[in-house]
Structures are given as structure tokens and as C-alpha cells.
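Participant: Just one file: query-v1.txt, with compact mmCIF, C-alpha atoms.
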```
# COMPACT_ATOMS: atom_id res chain seq x y z
CA MET A 25 -7.02 -45.05 -2.63
CA VAL A 26 -9.12 -45.27 -5.80
CA GLN A 27 -11.24 -42.36 -4.64
CA ARG A 28 -8.13 -40.29 -3.84
CA GLU A 29 -6.60 -40.95 -7.27
CA ALA A 30 -9.86 -40.00 -8.98
CA VAL A 31 -10.04 -36.75 -7.02
CA LEU A 32 -6.43 -35.86 -7.87
CA ARG A 33 -7.14 -36.53 -11.57
CA LEU A 34 -10.13 -34.19 -11.31
CA ASP A 35 -7.91 -31.60 -9.65
CA GLU A 36 -5.42 -31.98 -12.51
CA GLN A 37 -8.22 -31.41 -14.99
CA TRP A 38 -9.27 -28.24 -13.16
CA ALA A 39 -5.68 -27.01 -13.07
CA ARG A 40 -5.50 -27.25 -16.87
CA VAL A 41 -8.75 -25.32 -17.22
CA ARG A 42 -7.62 -22.74 -14.68
CA SER A 43 -4.32 -22.15 -16.49
CA GLY A 44 -5.98 -21.93 -19.91
CA ALA A 45 -4.33 -25.12 -21.18
CA ALA A 46 -7.81 -26.62 -21.57
CA HIS A 47 -10.94 -24.72 -22.61
CA ALA A 48 -14.23 -24.73 -20.72
CA GLU A 49 -17.26 -22.46 -20.88
CA PRO A 50 -17.98 -20.41 -17.73
CA ARG A 51 -20.83 -22.65 -16.57
CA GLU A 52 -18.75 -25.77 -17.18
CA ARG A 53 -15.85 -24.21 -15.23
CA GLU A 54 -18.12 -23.56 -12.25
CA ARG A 55 -19.59 -27.06 -12.43
CA LEU A 56 -16.15 -28.64 -12.56
CA LEU A 57 -14.87 -26.55 -9.66
CA ASP A 58 -17.94 -27.31 -7.54
CA GLU A 59 -17.57 -31.02 -8.28
CA LEU A 60 -13.90 -30.92 -7.32
CA ILE A 61 -14.54 -29.08 -4.05
CA GLY A 62 -17.29 -31.53 -3.18
CA ALA A 63 -14.97 -34.48 -3.88
CA LEU A 64 -12.12 -33.03 -1.81
CA ARG A 65 -14.19 -32.27 1.30
CA PRO A 66 -14.54 -35.88 2.57
CA LEU A 67 -10.76 -36.44 2.36
CA GLY A 68 -9.93 -34.27 5.36
CA ASP A 69 -7.47 -36.81 6.78
CA ASP A 70 -5.29 -36.59 3.67
CA PRO A 71 -2.85 -33.62 3.92
CA GLU A 72 -2.51 -33.18 0.15
CA CYS A 73 -6.24 -33.24 -0.44
CA THR A 74 -6.75 -30.86 2.48
CA ALA A 75 -4.17 -28.49 0.99
CA ARG A 76 -5.78 -28.71 -2.45
CA LEU A 77 -9.18 -28.02 -0.94
CA GLY A 78 -7.76 -24.78 0.39
CA LEU A 79 -6.46 -23.89 -3.09
CA ARG A 80 -9.75 -24.66 -4.81
CA LEU A 81 -11.81 -22.76 -2.29
CA ALA A 82 -9.49 -19.83 -3.00
CA ASP A 83 -10.24 -20.29 -6.73
CA ARG A 84 -13.94 -20.21 -5.99
CA ALA A 85 -13.46 -17.09 -3.86
CA ALA A 86 -11.61 -15.40 -6.74
CA LEU A 87 -14.53 -16.11 -9.07
CA ARG A 88 -17.00 -14.68 -6.57
CA PHE A 89 -14.85 -11.62 -6.05
CA ALA A 90 -14.69 -11.07 -9.82
CA GLU A 91 -18.51 -11.24 -9.91
CA GLY A 92 -18.75 -8.53 -7.26
CA ASP A 93 -19.75 -10.88 -4.44
CA ARG A 94 -17.13 -9.68 -1.94
CA ALA A 95 -18.97 -11.06 1.12
CA GLY A 96 -19.27 -14.49 -0.47
CA ALA A 97 -15.64 -14.41 -1.57
CA LEU A 98 -14.41 -13.53 1.93
CA ALA A 99 -16.47 -16.29 3.55
CA THR A 100 -15.16 -18.82 1.04
CA ILE A 101 -11.51 -17.85 1.43
CA GLU A 102 -11.87 -18.06 5.23
CA GLU A 103 -12.94 -21.69 4.85
CA GLY A 104 -10.11 -22.29 2.41
CA LEU A 105 -7.53 -20.86 4.81
CA ARG A 106 -8.65 -23.23 7.54
CA SER A 107 -7.92 -26.16 5.24
CA SER A 108 -4.61 -24.68 4.13
CA GLU A 109 -3.52 -24.08 7.72
CA ARG A 110 -4.23 -27.70 8.69
CA ALA A 111 -2.13 -28.97 5.79
CA ALA A 112 0.74 -26.46 6.06
CA PRO A 113 2.86 -28.41 8.62
CA TYR A 114 3.04 -31.48 6.37
CA SER A 115 5.04 -30.00 3.49
CA PRO A 116 6.94 -26.81 2.55
CA GLU A 117 4.83 -26.65 -0.61
CA PHE A 118 1.60 -26.77 1.42
CA ALA A 119 3.02 -24.04 3.69
CA ARG A 120 3.70 -21.89 0.61
CA TRP A 121 0.12 -22.38 -0.55
CA TYR A 122 -1.09 -21.31 2.89
CA ALA A 123 1.11 -18.20 2.92
CA ARG A 124 -0.09 -17.12 -0.53
CA GLY A 125 -3.69 -17.65 0.56
CA LEU A 126 -3.14 -15.43 3.60
CA ILE A 127 -1.79 -12.65 1.38
CA ASN A 128 -4.67 -12.93 -1.11
CA HIS A 129 -7.19 -12.81 1.68
CA GLY A 130 -5.49 -9.70 3.03
CA VAL A 131 -5.71 -8.01 -0.37
CA TRP A 132 -9.43 -8.75 -0.66
CA LEU A 133 -10.18 -7.63 2.88
CA ALA A 134 -8.32 -4.35 2.39
CA TRP A 135 -9.81 -3.60 -1.04
CA PRO A 136 -12.01 -0.66 0.14
CA LEU A 137 -8.96 1.00 1.73
CA SER A 138 -7.18 1.49 -1.62
CA ASP A 139 -8.09 3.37 -4.78
CA GLY A 140 -8.05 2.15 -8.37
CA ALA A 141 -4.26 2.49 -8.53
CA ARG A 142 -3.97 0.41 -5.32
CA LEU A 143 -2.78 3.43 -3.33
CA PRO A 144 -4.13 4.14 0.18
CA ARG A 145 -7.37 6.08 0.25
CA HIS A 146 -6.62 7.26 3.80
CA PRO A 147 -2.80 7.44 4.05
CA LEU A 148 -2.95 9.62 7.16
CA GLY A 149 -4.82 7.06 9.24
CA PRO A 150 -6.54 8.59 12.30
CA ALA A 151 -5.40 12.08 11.23
CA ALA A 152 -7.47 11.98 8.04
CA SER A 153 -10.50 14.26 7.98
CA GLU A 154 -12.53 11.48 6.36
CA GLY A 155 -11.17 8.13 7.42
CA PRO A 156 -12.45 4.61 6.75
CA THR A 157 -15.62 3.35 8.39
CA ALA A 158 -15.28 1.25 11.53
CA MET A 159 -16.05 -1.86 9.48
CA GLU A 160 -13.47 -1.00 6.82
CA ARG A 161 -10.84 -0.30 9.44
CA ALA A 162 -11.55 -3.59 11.21
CA ALA A 163 -11.19 -5.40 7.87
CA GLY A 164 -7.93 -3.55 7.23
CA GLU A 165 -6.55 -4.56 10.63
CA ARG A 166 -7.53 -8.17 9.97
CA ALA A 167 -5.78 -7.92 6.57
CA ARG A 168 -2.65 -6.60 8.26
CA ASP A 169 -2.66 -9.46 10.78
CA LEU A 170 -3.16 -12.11 8.08
CA THR A 171 -0.31 -10.65 6.03
CA ARG A 172 1.96 -10.54 9.07
CA THR A 173 1.19 -14.24 9.58
CA ALA A 174 2.17 -14.86 5.95
CA VAL A 175 5.54 -13.18 6.63
CA GLU A 176 6.02 -15.49 9.61
CA VAL A 177 5.14 -18.58 7.52
CA TRP A 178 7.61 -17.63 4.78
CA SER A 179 10.26 -16.81 7.40
CA GLY A 180 9.91 -20.30 8.85
CA LEU A 181 10.77 -21.97 5.53
CA ASP A 182 14.27 -22.83 4.32
CA GLN A 183 15.78 -19.51 3.19
CA ARG A 184 18.41 -21.31 1.12
CA ASP A 185 15.61 -21.94 -1.37
CA PRO A 186 15.21 -18.87 -3.66
CA VAL A 187 11.48 -19.59 -3.96
CA ASN A 188 11.12 -19.08 -0.22
CA ARG A 189 13.33 -15.97 -0.22
CA ARG A 190 11.25 -14.47 -3.01
CA GLY A 191 8.01 -15.36 -1.23
CA LEU A 192 9.24 -13.71 1.96
CA ALA A 193 10.27 -10.56 0.10
CA GLN A 194 6.87 -10.36 -1.61
CA ALA A 195 5.08 -10.88 1.70
CA LYS A 196 7.00 -7.96 3.20
CA VAL A 197 5.86 -5.74 0.32
CA PHE A 198 2.25 -6.71 0.91
CA LEU A 199 2.61 -6.09 4.65
CA GLY A 200 3.93 -2.61 3.90
CA ASP A 201 0.91 -1.97 1.68
CA ARG A 202 -1.53 -3.12 4.36
CA LEU A 203 0.14 -0.90 6.97
CA ALA A 204 0.08 2.11 4.63
CA GLU A 205 -3.67 1.65 4.11
CA LEU A 206 -4.12 2.02 7.87
CA GLY A 207 -2.08 5.23 7.89
CA LEU A 208 0.98 3.63 9.52
CA ALA A 209 3.39 5.23 7.05
CA GLU A 210 6.56 4.91 9.11
CA GLU A 211 6.14 1.18 9.73
CA ALA A 212 5.05 0.70 6.13
CA ALA A 213 8.20 2.42 4.89
CA ALA A 214 10.39 0.24 7.12
CA TRP A 215 8.91 -2.98 5.72
CA ALA A 216 9.22 -1.69 2.15
CA VAL A 217 12.92 -0.92 2.65
CA ASP A 218 13.44 -4.37 4.18
CA ALA A 219 11.73 -5.97 1.17
CA GLU A 220 13.76 -3.83 -1.22
CA GLY A 221 16.97 -5.22 0.26
CA ASP A 222 15.68 -8.76 -0.16
CA PHE A 223 14.81 -8.22 -3.83
CA ARG A 224 18.20 -6.67 -4.54
CA GLN A 225 19.83 -9.77 -3.06
CA LEU A 226 17.66 -11.94 -5.31
CA LEU A 227 18.80 -9.97 -8.35
CA LEU A 228 22.41 -10.60 -7.38
CA ALA A 229 21.74 -14.33 -7.09
CA ASP A 230 21.94 -16.65 -10.08
CA THR A 231 18.27 -16.55 -11.10
CA GLY A 232 16.52 -16.99 -14.42
CA PRO A 233 15.19 -14.15 -16.61
CA GLU A 234 11.62 -14.58 -15.37
CA GLU A 235 12.68 -14.30 -11.71
CA SER A 236 14.89 -11.30 -12.50
CA GLU A 237 12.04 -9.54 -14.30
CA GLU A 238 9.76 -10.23 -11.33
CA ALA A 239 12.32 -8.77 -8.93
CA GLU A 240 12.76 -5.67 -11.12
CA GLU A 241 8.99 -5.12 -11.17
CA ALA A 242 8.84 -5.49 -7.40
CA LEU A 243 11.65 -2.96 -6.98
CA ASP A 244 9.82 -0.48 -9.22
CA HIS A 245 6.68 -0.91 -7.10
CA ILE A 246 8.60 -0.48 -3.85
CA GLY A 247 10.35 2.62 -5.18
CA ARG A 248 7.04 4.29 -6.05
CA GLN A 249 5.53 3.36 -2.70
CA LEU A 250 8.49 4.68 -0.73
CA GLU A 251 8.42 8.02 -2.55
CA LEU A 252 4.73 8.32 -1.69
CA ARG A 253 5.11 7.27 1.95
CA LEU A 254 7.94 9.67 2.66
CA ARG A 255 5.59 12.54 1.83
CA PHE A 256 3.44 11.63 4.83
CA LEU A 257 6.23 11.19 7.39
CA ALA A 258 7.00 13.67 10.14
CA PHE A 259 10.65 14.65 10.63
CA ALA A 260 10.86 12.51 13.77
CA SER A 261 9.84 9.46 11.72
CA LEU A 262 12.47 10.24 9.09
CA VAL A 263 15.10 10.49 11.82
CA ARG A 264 14.06 7.13 13.29
CA LEU A 265 14.24 5.43 9.89
CA ARG A 266 17.65 6.96 9.25
CA THR A 267 18.93 5.81 12.66
CA GLN A 268 17.71 2.27 11.98
CA GLY A 269 19.36 2.18 8.56
CA LEU A 270 15.95 2.12 6.86
CA LEU A 271 16.22 5.31 4.83
CA PRO A 272 17.78 4.45 1.45
CA GLU A 273 20.54 6.78 0.25
CA ARG A 274 18.68 7.56 -2.96
CA LEU A 275 15.75 8.92 -0.92
CA LEU A 276 17.86 11.17 1.30
CA PRO A 277 17.26 14.25 -0.91
CA GLN A 278 13.51 13.69 -0.66
CA ALA A 279 13.78 13.21 3.11
CA VAL A 280 15.76 16.46 3.40
CA VAL A 281 13.15 18.29 1.31
CA ALA A 282 10.34 16.78 3.41
CA ALA A 283 11.97 18.10 6.57
CA ARG A 284 12.48 21.55 5.06
CA ILE A 285 8.84 21.70 3.90
CA GLN A 286 7.85 21.09 7.52
CA GLY A 287 9.96 24.07 8.57
CA VAL A 288 12.99 22.27 10.02
CA ALA A 289 16.15 24.38 9.83
CA GLU A 290 19.01 23.22 7.63
CA ASP A 291 21.44 22.76 10.52
CA GLU A 292 18.96 20.58 12.42
CA ILE A 293 18.29 18.49 9.33
CA ALA A 294 22.02 17.91 8.91
CA ALA A 295 22.59 17.07 12.56
CA ARG A 296 19.70 14.66 13.03
CA LEU A 297 20.01 12.89 9.69
CA GLY A 298 23.77 12.58 10.05
CA LEU A 299 24.60 14.67 6.97
CA GLY A 300 27.02 17.50 6.28
CA ALA A 301 25.67 21.05 6.28
CA GLU A 302 26.91 21.67 2.74
CA GLN A 303 25.43 18.36 1.61
CA VAL A 304 22.00 19.35 2.95
CA HIS A 305 22.21 22.81 1.37
CA THR A 306 23.10 21.28 -2.01
CA MET A 307 20.23 18.78 -1.79
CA LEU A 308 17.77 21.58 -1.09
CA ASP A 309 19.12 23.70 -3.93
CA VAL A 310 18.93 20.96 -6.57
CA THR A 311 15.82 19.04 -5.44
CA PRO A 312 12.56 20.82 -6.32
CA TRP A 313 9.17 20.16 -4.79
CA VAL A 314 5.73 20.99 -6.11
CA ALA A 315 3.60 23.27 -3.92
CA VAL A 316 -0.12 22.95 -4.63
CA TRP A 317 -2.54 25.41 -3.02
CA ARG A 318 -6.25 26.01 -2.93
CA VAL A 319 -8.04 29.08 -1.59
CA GLU A 320 -11.72 28.69 -0.69
CA VAL A 321 -14.44 31.11 0.41
CA ARG A 322 -17.47 29.96 2.35
CA GLY A 323 -20.76 30.92 0.80
CA ALA A 324 -24.05 31.84 2.47
CA ASP A 325 -25.08 28.18 2.20
CA GLY A 326 -22.14 27.19 4.40
CA LEU A 327 -20.28 25.40 1.63
CA TRP A 328 -16.65 26.12 0.75
CA ASN A 329 -16.23 27.34 -2.83
CA VAL A 330 -12.88 26.88 -4.57
CA LEU A 331 -11.62 30.06 -6.23
CA HIS A 332 -10.18 30.25 -9.74
CA HIS A 333 -6.53 30.56 -10.78
CA PRO A 334 -4.20 31.87 -9.37
CA TRP A 335 -5.80 30.94 -6.04
CA HIS A 336 -6.07 27.30 -7.11
CA SER A 337 -2.70 26.49 -8.64
CA SER A 338 0.77 25.04 -8.15
CA THR A 339 4.42 25.85 -8.68
CA GLU A 340 7.82 24.19 -8.42
CA VAL A 341 10.04 25.56 -5.66
CA ARG A 342 13.42 24.88 -4.06
CA ASN A 343 14.60 25.29 -0.47
CA ARG A 344 11.31 26.78 0.68
CA THR A 345 9.05 25.75 3.54
CA ALA A 346 5.33 25.25 3.09
CA ALA A 347 4.82 28.33 5.25
CA ASP A 348 7.11 30.38 2.98
CA VAL A 349 5.08 29.56 -0.14
CA ALA A 350 1.71 29.88 1.57
CA SER A 351 2.54 33.26 3.09
CA GLU A 352 3.21 34.65 -0.40
CA VAL A 353 -0.13 33.33 -1.64
CA VAL A 354 -1.92 34.79 1.42
CA HIS A 355 -0.25 38.17 0.96
CA ALA A 356 -1.30 38.33 -2.68
CA PHE A 357 -4.82 37.07 -1.95
CA THR A 358 -5.58 39.47 0.89
CA ALA A 359 -4.48 42.35 -1.34
CA SER A 360 -6.69 41.21 -4.23
CA ALA A 361 -10.28 41.96 -5.16
CA ASP A 362 -11.11 38.25 -4.68
CA CYS A 363 -10.57 38.42 -0.92
CA PRO A 364 -13.92 38.89 0.88
CA GLY A 365 -12.20 40.59 3.81
CA ASP A 366 -14.60 40.48 6.75
CA GLY A 367 -17.47 39.63 4.44
CA ALA A 368 -17.09 35.86 4.61
CA PRO A 369 -14.75 33.21 6.03
CA TRP A 370 -11.94 32.07 3.75
CA ARG A 371 -9.16 29.53 4.01
CA ILE A 372 -6.02 28.34 2.24
CA LEU A 373 -4.62 24.82 2.13
CA LEU A 374 -1.24 23.93 0.66
CA TRP A 375 0.03 20.44 -0.18
CA TRP A 376 3.23 18.83 -1.36
CA HIS A 377 2.93 17.36 -4.86
CA GLU A 378 -0.86 16.99 -5.08
CA GLU A 379 -3.94 18.22 -3.28
CA GLY A 380 -6.02 15.84 -1.24
CA ASP A 381 -7.28 15.31 2.28
CA PRO A 382 -7.21 18.62 4.22
CA ALA A 383 -5.54 16.73 7.07
CA GLY A 384 -2.62 16.11 4.74
CA ALA A 385 -2.10 19.78 3.90
CA ARG A 386 1.37 21.07 4.76
CA PHE A 387 -0.11 24.44 5.66
CA ARG A 388 -3.60 25.53 6.66
CA LEU A 389 -4.86 29.01 7.45
CA THR A 390 -8.35 30.36 8.07
CA GLY A 391 -9.39 34.01 7.92
CA GLY A 392 -12.49 36.14 7.84
CA PRO A 393 -15.09 37.33 10.35
CA ASP A 394 -14.64 35.88 13.84
CA ALA A 395 -11.65 33.92 12.57
CA PRO A 396 -8.39 35.86 12.81
CA PRO A 397 -5.84 34.28 10.46
CA VAL A 398 -4.12 31.47 12.33
CA ALA A 399 -1.56 29.48 10.38
CA THR A 400 -1.36 25.77 10.98
CA PRO A 401 1.75 24.33 9.32
CA SER A 402 1.78 20.55 9.46
```
Output the structure of this file as C-alpha cells.

Facilitator:
Amino acid sequence: MVQREAVLRLDEQWARVRSGAAHAEPRERERLLDELIGALRPLGDDPECTARLGLRLADRAALRFAEGDRAGALATIEEGLRSSERAAPYSPEFARWYARGLINHGVWLAWPLSDGARLPRHPLGPAASEGPTAMERAAGERARDLTRTAVEVWSGLDQRDPVNRRGLAQAKVFLGDRLAELGLAEEAAAWAVDAEGDFRQLLLADTGPEESEEAEEALDHIGRQLELRLRFLAFASLVRLRTQGLLPERLLPQAVVAARIQGVAEDEIAARLGLGAEQVHTMLDVTPWVAVWRVEVRGADGLWNVLHHPWHSSTEVRNRTAADVASEVVHAFTASADCPGDGAPWRILLWWHEEGDPAGARFRLTGGPDAPPVATPS
């Protein structure tokens, strides 16, 4: 008992240092954390100490991750999760610690799959021309599975408690992010919409200003993510989301534009999305999209060289398909002095909103010697 009380006092001391309530130099912080972890390890039969060991191993992992030691951080958090999992059944609080640890581990595992803005590097998944390495993909799949487990843990807690409802909503957001990193945009969008509904319910509840601000920030994040993910969805995916009630009304204009970009006729868009013909026509007339194109010519060295403006440019259009816009660019290019004709291969790629992975182009066409122009709208 004396040993346990001493360890908990040491944990309390670390918690003050960790929060900034007490000051400690970096080396002293590490020494204190190592001492605490060492003191907690022998108390494996005590659920609280086991749970706290999981927390403190997660703290150590965070420090290692900040130092650039990702491998060391991942190994440490794995050990911490084993402790947290053992303690989780003993208390809702311990279960919450376990769920948060699962989410953090997922974020760290999936780190190489996102860019500096935490957006997917390979949003098209297997369709991407340059996808993640086998090791990165395996880590991303493990991150997805851990985050799905976190959703299950939060779901199993008392949903009358707003802390648990908020934790579940946050876990759904993270699961959507992990799925998007693997190129599973439709499933990612479905989870984001589910989470959005949860956060809106939390805003309607009688919560404090801090909780309301947190929910507003989460809704902003979800909104940005959904706008991005809809740009990568095929019309069939949009129809499925609409049928399942997972296509928010505010995003219907973007969904209609996405379908039109892909070349779907207005009447089919209206029929399959359950909208009126006039409603669809109005959405297309008032909702612009940005077409971004790039024309390249292959040099003698085999490399593709990007041409100057106007063959590398963008414009805002309404009620036009990707093929409509690209055909105008091709017509102008083939009639210009910049077109090599049969002298060298050339190609055009056209994107919605911003250029990127060729696999994500809404329109692709290759021309030149031995390559008769073949359009590939996507």
C-alpha cells in the first residue's frame, strides 16, 4: 500500500510537469518519467497503476516521436496499449484512456500517409499512379483497425454521458481520416457525415463554452474534409451516400457538379439523386468549379515537359463537363505553334480544383506519333 501511494504521488508530480503547472528541465522531465514508468511496472495487478502505466508509456512515446524516433515511439505505444487494454474493463475512465491511446497510435502509424496539412497523400488509394509503399500501407491498415477499435470502445460506454458522446464523435472523425488516407473516400465520407451529426447534437445539448468551441472546430474540420472527399467520389458512390442519407443537403450542389464533371446528364443526376430537374439545372448554373489543366510534351530524354501558359492554367466554369473544357484546350493547342504534331508525344491532363496525381485527373488525352488521341475522362 505504501509503495502504491508513493507511486501515485510520483504520477501526480509528473502530471503537474506534463501540464506545465510545474517546471522541469528536459533532462529532469525524462528522468522523472523514466522513474515513474519503472515504479509502475511492478504493480501490474493494480488496475489503476496498470492504466497509468499505459498513459505514461504514451507520454514517453510522444517524446520519442517529437525527437524523430518514430520506430521507438511506435514500439513504446504498443507496450502502453497492452497495459491500457488490461485496465480498460475495470473503469469507464480507464476505458477512455485506452480509446484515446488507440486513436493516438493510429495517428502516428498513419503519419507518412498524410501531408503537412494532414490531408491524404494518396487519396485515390490503389488507383493512384504513385501510391504508398507496402510498409506504409500496412501501417495505414493497422491504424484504421486500431481506430475502429477505439470507436467500438467509445460505443460501449454510457452514451448518456456527454464526455463519452464527444469521444465517440471524435473517434468517428479519426476513423474517417484513416480511411481517406487509404483511398477509401466513400467510406470515409460516410463516417465523417455520421460524426458531423453527433457533433451537431452535442452543440444542441447544454454544454459549456469550451465544449461548444471544440464541437465547432470539429464541424469545421469535417466540413473541409467532406468537400475534399466528394471530389474523389464516382457518381455511383454519391448515389449510394444519398440513398443512405449520408449526403448532407449543403453538399448537394457540389455532388451535382461532381456528377456533371464526370459527364453524367442532368436528367440522370436528378433521377438518381432524387432531385427535381429544375433544381439540378439551377445548381449547375450557380455553382462554379475550377478546371485546372496541364499540357506536356515528351522530350528526347523521355521526360514530360510542362508547357507555359495558356497550356498550364485554370479557369472557373459552370455546367460544363471535364471533357467539354478539355476539348476546347485540345482544339486550341493542336492549332497552335506549340503543338509538336507528329514530332513528339504530347498529353493533356485536367483536374477539378487543383492539379495532382495523374490518376486523379478528370480527363486525360495522349497524342503524337504512334499515339492517336484517345480521351480518357475519369

Participant: Calculated over all atoms listed in the file, which of the candidates A:Ala174, A:Val354, A:Leu265, A:Ala368 has the smallest distance to A:Val217?

Facilitator: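 Result for the nearest residue to A:Val217: A:Leu265.
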
Participant: Hey, what's within 9 Å of stretch 159-171 of chain A if we count all atoms listed in the file and toss same-chain stuff fewer than 2 positions away? As a PyMOL selection string, please?

Facilitator: chain A and resi 123+126-137+155-157+173-176+195-196+198-203+205-206

Participant: Let's have the selection written as a JSON list (two decimals), in the frame of the given file, with C-alpha atoms.

Facilitator:
```
[["chain", "number", "residue", "atom", "x", "y", "z"],
["A", 123, "ALA", "CA", 1.11, -18.20, 2.92],
["A", 126, "LEU", "CA", -3.14, -15.43, 3.60],
["A", 127, "ILE", "CA", -1.79, -12.65, 1.38],
["A", 128, "ASN", "CA", -4.67, -12.93, -1.11],
["A", 129, "HIS", "CA", -7.19, -12.81, 1.68],
["A", 130, "GLY", "CA", -5.49, -9.70, 3.03],
["A", 131, "VAL", "CA", -5.71, -8.01, -0.37],
["A", 132, "TRP", "CA", -9.43, -8.75, -0.66],
["A", 133, "LEU", "CA", -10.18, -7.63, 2.88],
["A", 134, "ALA", "CA", -8.32, -4.35, 2.39],
["A", 135, "TRP", "CA", -9.81, -3.60, -1.04],
["A", 136, "PRO", "CA", -12.01, -0.66, 0.14],
["A", 137, "LEU", "CA", -8.96, 1.00, 1.73],
["A", 155, "GLY", "CA", -11.17, 8.13, 7.42],
["A", 156, "PRO", "CA", -12.45, 4.61, 6.75],
["A", 157, "THR", "CA", -15.62, 3.35, 8.39],
["A", 173, "THR", "CA", 1.19, -14.24, 9.58],
["A", 174, "ALA", "CA", 2.17, -14.86, 5.95],
["A", 175, "VAL", "CA", 5.54, -13.18, 6.63],
["A", 176, "GLU", "CA", 6.02, -15.49, 9.61],
["A", 195, "ALA", "CA", 5.08, -10.88, 1.70],
["A", 196, "LYS", "CA", 7.00, -7.96, 3.20],
["A", 198, "PHE", "CA", 2.25, -6.71, 0.91],
["A", 199, "LEU", "CA", 2.61, -6.09, 4.65],
["A", 200, "GLY", "CA", 3.93, -2.61, 3.90],
["A", 201, "ASP", "CA", 0.91, -1.97, 1.68],
["A", 202, "ARG", "CA", -1.53, -3.12, 4.36],
["A", 203, "LEU", "CA", 0.14, -0.90, 6.97],
["A", 205, "GLU", "CA", -3.67, 1.65, 4.11],
["A", 206, "LEU", "CA", -4.12, 2.02, 7.87]]
```

Participant: Within 9 Å of A:Leu297, counting all atoms listed in the file, which residues show up once you throw out same-chain ones fewer than 2 positions away? Write them as a list in words, please.

Facilitator: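 Within the cut-off, the hits are Leu262, Val263, Arg266, Thr267, Leu276, Val280, Glu292, Ile293, Ala294, Ala295 and Leu299 of chain A.
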
Participant: For atom CA of A:Phe357 and atom CA of A:Val316, quote the distance in Å rounded to one decimal.

Facilitator: 15.1 Å

Participant: What does the distance from atom CA of A:Phe256 to atom CA of A:Gly384 come to in Å, to one decimal?

Facilitator: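 Taking atom CA of A:Phe256 as the start and atom CA of A:Gly384 as the end point, the length is 7.5 Å.
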
Participant: Grab the atom CA of A:Gly180 to atom CA of A:Glu241 distance for me, in Å with one decimal place.

Facilitator: 25.1 Å

Participant: Measuring between all atoms listed in the file, which one of A:Leu226, A:Ala95, A:Leu270, A:Ala212 shows the shortest distance to A:Arg253?

Facilitator: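 For A:Arg253, the nearest of the candidates is A:Ala212.
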
Participant: Using all atoms listed in the file, which residues sit within 9 Å of A:Ala193 once same-chain residues fewer than 4 positions away are excluded, as a count of residues only?

Facilitator: 12

Participant: List as a ChimeraX atom specification the protein and nucleic acid residues near A:Leu374, meaning an atom at most 8 Å away when all atoms listed in the file are counted, but skip any in the same chain fewer than 4 places from it.

Facilitator: /A:315-318,346,350,379,385-388

Participant: Using only C-alpha atoms, please write the residues we just selected to a file, as a short mmCIF file (atom, residue, chain, number, x, y, z; two decimals), in the coordinates of the input.

Facilitator:
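Dumped to selection01.cif:
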```
data_model
loop_
_atom_site.label_atom_id
_atom_site.label_comp_id
_atom_site.auth_asym_id
_atom_site.auth_seq_id
_atom_site.Cartn_x
_atom_site.Cartn_y
_atom_site.Cartn_z
CA ALA A 315 3.60 23.27 -3.92
CA VAL A 316 -0.12 22.95 -4.63
CA TRP A 317 -2.54 25.41 -3.02
CA ARG A 318 -6.25 26.01 -2.93
CA ALA A 346 5.33 25.25 3.09
CA ALA A 350 1.71 29.88 1.57
CA GLU A 379 -3.94 18.22 -3.28
CA ALA A 385 -2.10 19.78 3.90
CA ARG A 386 1.37 21.07 4.76
CA PHE A 387 -0.11 24.44 5.66
CA ARG A 388 -3.60 25.53 6.66
#
```

Participant: Counting only C-alpha atoms, figure out which residue out of A:Gln225, A:Thr339, A:Ala46, A:Ala63 gets nearest to A:Glu29.

Facilitator: A:Ala63

Participant: If you count all atoms listed in the file, which residues fall within 9 Å of stretch 56-61 of chain A, apart from same-chain ones fewer than 2 positions away, as an NGL selection string?

Facilitator: :A and (31-32 or 34-35 or 37-38 or 51-54 or 63-65 or 76-77 or 80-81 or 83-84)

Participant: Could you check which of A:Ala99, A:Ala141, A:Ala347, A:Val187 is closest to A:His245, using all atoms listed in the file?

Facilitator: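 Nearest to A:His245: A:Ala141.
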
Participant: Which residue, A:Gly391, A:Gly380, A:Gly191, A:Gly78, has the smallest gap to A:Glu154 when you use all atoms listed in the file?

Facilitator: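 Of A:Gly391, A:Gly380, A:Gly191, A:Gly78, the one nearest A:Glu154, counting all atoms listed in the file, is A:Gly380.
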
Participant: Which residue, A:Thr100, A:Ser360, A:Thr345, A:Ser236, has the smallest gap to A:Ala86 when you use only C-alpha atoms?

Facilitator: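 Smallest distance to A:Ala86 is found for A:Thr100.
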